[in-house]
Amino acid sequence: MLRVFGGVLSMVASMAAAQDLRFVSTDGDLFAFEENRHGAVLTALPSDGAAIIGTPGQRLTRSGDIVYLGRSCDAFSERFGGGSWRWTDGGFIVFFGATRLSFPGQVIDLQTGQNCRQ
């Protein structure tokens, strides 16, 4: 019985680890997360935005847009250009000049060599 229970726990842990990590911006944009050796890649996923938390017509990104977050607190997007990102006590924010992508109440687990705290 103990072996069966241990096997079930192992299977559940594997399934949880295999789930995609996603983030939702204040604009209602849904992003898939992928970590690589340079940092992270956030890819905007298809969504209607309003069904999550945003309002239609005010979304900053389109499906397929990619935002790169570097381990040295830098950021890049083809749509917005170069920028930076910071952890805050209430989530994380990506800055592209006057444009901000905010992810309130969400923690991004990205090991950096610098203090990306605001």
# chains A, B, ... in the order shown; residues from 1 in each chain; ligands from 1
>>> residues_around(residues="A:Thr88", least_positions_apart="3", cutoff="8 Å", atoms="only C-alpha atoms", output="ChimeraX atom specification")
/A:91-93,117-118
>>> residues_around(residues="A:Ala98", least_positions_apart="5", cutoff="12 Å", atoms="only C-alpha atoms", output="MDAnalysis selection string")
chainID A and resid 80:84
>>> residues_around(residues="A:Ile66", least_positions_apart="2", cutoff="9 Å", atoms="only C-alpha atoms", output="NGL selection string")
:A and (31 or 41-44 or 61 or 63-64 or 68 or 76-79)
>>> atom_distance(atom1="atom CA of A:Pro104", atom2="atom CA of A:Gly90")
5.5 Å
>>> residues_around(residues="A:Gly70", least_positions_apart="5", cutoff="7 Å", atoms="only C-alpha atoms", output="MDAnalysis selection string")
chainID A and resid 38:40 75
>>> select_by_dssp(residues="stretch 87-118 of chain A", states="strand (DSSP E)", output="short mmCIF file (atom, residue, chain, number, x, y, z; two decimals) with all heavy atoms, in the first residue's frame")
data_model
loop_
_atom_site.label_atom_id
_atom_site.label_comp_id
_atom_site.auth_asym_id
_atom_site.auth_seq_id
_atom_site.Cartn_x
_atom_site.Cartn_y
_atom_site.Cartn_z
N TRP A 87 11.11 43.36 -10.05
CA TRP A 87 10.23 42.74 -9.06
C TRP A 87 9.70 43.85 -8.17
O TRP A 87 10.40 44.83 -7.91
CB TRP A 87 10.99 41.78 -8.17
CG TRP A 87 11.35 40.47 -8.77
CD1 TRP A 87 10.51 39.62 -9.44
CD2 TRP A 87 12.61 39.84 -8.74
NE1 TRP A 87 11.19 38.51 -9.83
CE2 TRP A 87 12.49 38.61 -9.41
CE3 TRP A 87 13.85 40.20 -8.21
CZ2 TRP A 87 13.54 37.73 -9.56
CZ3 TRP A 87 14.89 39.33 -8.36
CH2 TRP A 87 14.74 38.11 -9.03
N THR A 88 8.49 43.70 -7.70
CA THR A 88 7.94 44.60 -6.70
C THR A 88 7.34 43.75 -5.58
O THR A 88 7.24 42.53 -5.72
CB THR A 88 6.84 45.51 -7.29
OG1 THR A 88 5.69 44.72 -7.59
CG2 THR A 88 7.32 46.23 -8.54
N GLY A 91 4.19 41.98 -7.25
CA GLY A 91 4.25 41.33 -8.56
C GLY A 91 5.52 41.71 -9.30
O GLY A 91 6.56 41.92 -8.70
N PHE A 92 5.41 41.85 -10.63
CA PHE A 92 6.54 42.35 -11.40
C PHE A 92 6.03 43.20 -12.55
O PHE A 92 4.88 43.09 -12.97
CB PHE A 92 7.47 41.21 -11.90
CG PHE A 92 6.88 40.27 -12.92
CD1 PHE A 92 7.14 40.46 -14.27
CD2 PHE A 92 6.09 39.21 -12.54
CE1 PHE A 92 6.62 39.58 -15.22
CE2 PHE A 92 5.58 38.32 -13.47
CZ PHE A 92 5.84 38.52 -14.82
N ILE A 93 6.91 44.12 -13.00
CA ILE A 93 6.55 45.09 -14.03
C ILE A 93 7.65 45.11 -15.09
O ILE A 93 8.83 45.09 -14.77
CB ILE A 93 6.40 46.51 -13.45
CG1 ILE A 93 5.37 46.52 -12.32
CG2 ILE A 93 6.01 47.51 -14.54
CD1 ILE A 93 5.32 47.84 -11.56
N VAL A 94 7.23 45.19 -16.36
CA VAL A 94 8.17 45.33 -17.47
C VAL A 94 7.99 46.74 -18.02
O VAL A 94 6.88 47.16 -18.33
CB VAL A 94 7.90 44.28 -18.57
CG1 VAL A 94 8.97 44.36 -19.65
CG2 VAL A 94 7.84 42.87 -17.97
N PHE A 95 9.09 47.50 -18.13
CA PHE A 95 9.06 48.89 -18.56
C PHE A 95 9.64 49.02 -19.97
O PHE A 95 10.76 48.59 -20.22
CB PHE A 95 9.91 49.77 -17.63
CG PHE A 95 9.48 49.75 -16.20
CD1 PHE A 95 10.02 48.85 -15.30
CD2 PHE A 95 8.52 50.65 -15.75
CE1 PHE A 95 9.62 48.84 -13.97
CE2 PHE A 95 8.12 50.65 -14.43
CZ PHE A 95 8.67 49.74 -13.54
N PHE A 96 8.88 49.63 -20.86
CA PHE A 96 9.35 49.98 -22.21
C PHE A 96 9.03 51.45 -22.41
O PHE A 96 7.97 51.80 -22.94
CB PHE A 96 8.63 49.15 -23.28
CG PHE A 96 8.89 47.68 -23.20
CD1 PHE A 96 7.91 46.81 -22.75
CD2 PHE A 96 10.12 47.15 -23.58
CE1 PHE A 96 8.14 45.45 -22.70
CE2 PHE A 96 10.35 45.79 -23.52
CZ PHE A 96 9.37 44.94 -23.08
N THR A 99 5.46 52.73 -21.84
CA THR A 99 4.60 51.55 -21.81
C THR A 99 5.04 50.63 -20.68
O THR A 99 6.23 50.35 -20.52
CB THR A 99 4.68 50.79 -23.15
OG1 THR A 99 4.27 51.67 -24.20
CG2 THR A 99 3.81 49.57 -23.14
N ARG A 100 4.06 50.16 -19.91
CA ARG A 100 4.34 49.22 -18.82
C ARG A 100 3.43 48.01 -18.94
O ARG A 100 2.24 48.15 -19.14
CB ARG A 100 4.09 49.87 -17.47
CG ARG A 100 5.05 50.96 -17.14
CD ARG A 100 4.78 51.51 -15.78
NE ARG A 100 5.72 52.58 -15.52
CZ ARG A 100 5.78 53.26 -14.42
NH1 ARG A 100 4.92 53.01 -13.45
NH2 ARG A 100 6.67 54.20 -14.26
N LEU A 101 4.03 46.85 -18.78
CA LEU A 101 3.27 45.61 -18.67
C LEU A 101 3.37 45.19 -17.21
O LEU A 101 4.45 44.88 -16.72
CB LEU A 101 3.85 44.52 -19.57
CG LEU A 101 3.83 44.77 -21.07
CD1 LEU A 101 4.55 43.64 -21.80
CD2 LEU A 101 2.41 44.89 -21.56
N SER A 102 2.26 45.23 -16.51
CA SER A 102 2.24 44.92 -15.08
C SER A 102 1.61 43.55 -14.83
O SER A 102 0.61 43.21 -15.45
CB SER A 102 1.45 45.98 -14.32
OG SER A 102 2.02 47.24 -14.50
N PHE A 103 2.20 42.82 -13.91
CA PHE A 103 1.72 41.50 -13.54
C PHE A 103 1.53 41.47 -12.02
O PHE A 103 2.37 40.94 -11.29
CB PHE A 103 2.71 40.43 -13.99
CG PHE A 103 2.90 40.40 -15.48
CD1 PHE A 103 3.83 41.23 -16.10
CD2 PHE A 103 2.13 39.57 -16.27
CE1 PHE A 103 3.99 41.22 -17.48
CE2 PHE A 103 2.28 39.54 -17.65
CZ PHE A 103 3.21 40.37 -18.26
N PRO A 104 0.45 42.07 -11.53
CA PRO A 104 0.26 42.18 -10.08
C PRO A 104 -0.04 40.84 -9.41
O PRO A 104 -0.69 39.98 -10.00
CB PRO A 104 -0.95 43.13 -9.97
CG PRO A 104 -1.69 42.95 -11.24
CD PRO A 104 -0.65 42.65 -12.28
#
>>> closest_residue(among="A:Asp109, A:Asp27, A:Asp20, A:Asp89", to="A:Leu69", atoms="only C-alpha atoms")
A:Asp109
>>> closest_residue(among="A:Asp65, A:Arg71, A:Leu45, A:Gly97", to="A:Gln111", atoms="only C-alpha atoms")
A:Arg71
>>> atom_distance(atom1="atom CA of A:Gly28", atom2="atom CA of A:Ser47")
8.2 Å
>>> atom_distance(atom1="atom CA of A:Arg86", atom2="atom CA of A:Asp74")
8.9 Å
>>> closest_residue(among="A:Trp85, A:Val67, A:Leu60, A:Leu110", to="A:Glu35", atoms="only C-alpha atoms")
A:Leu110
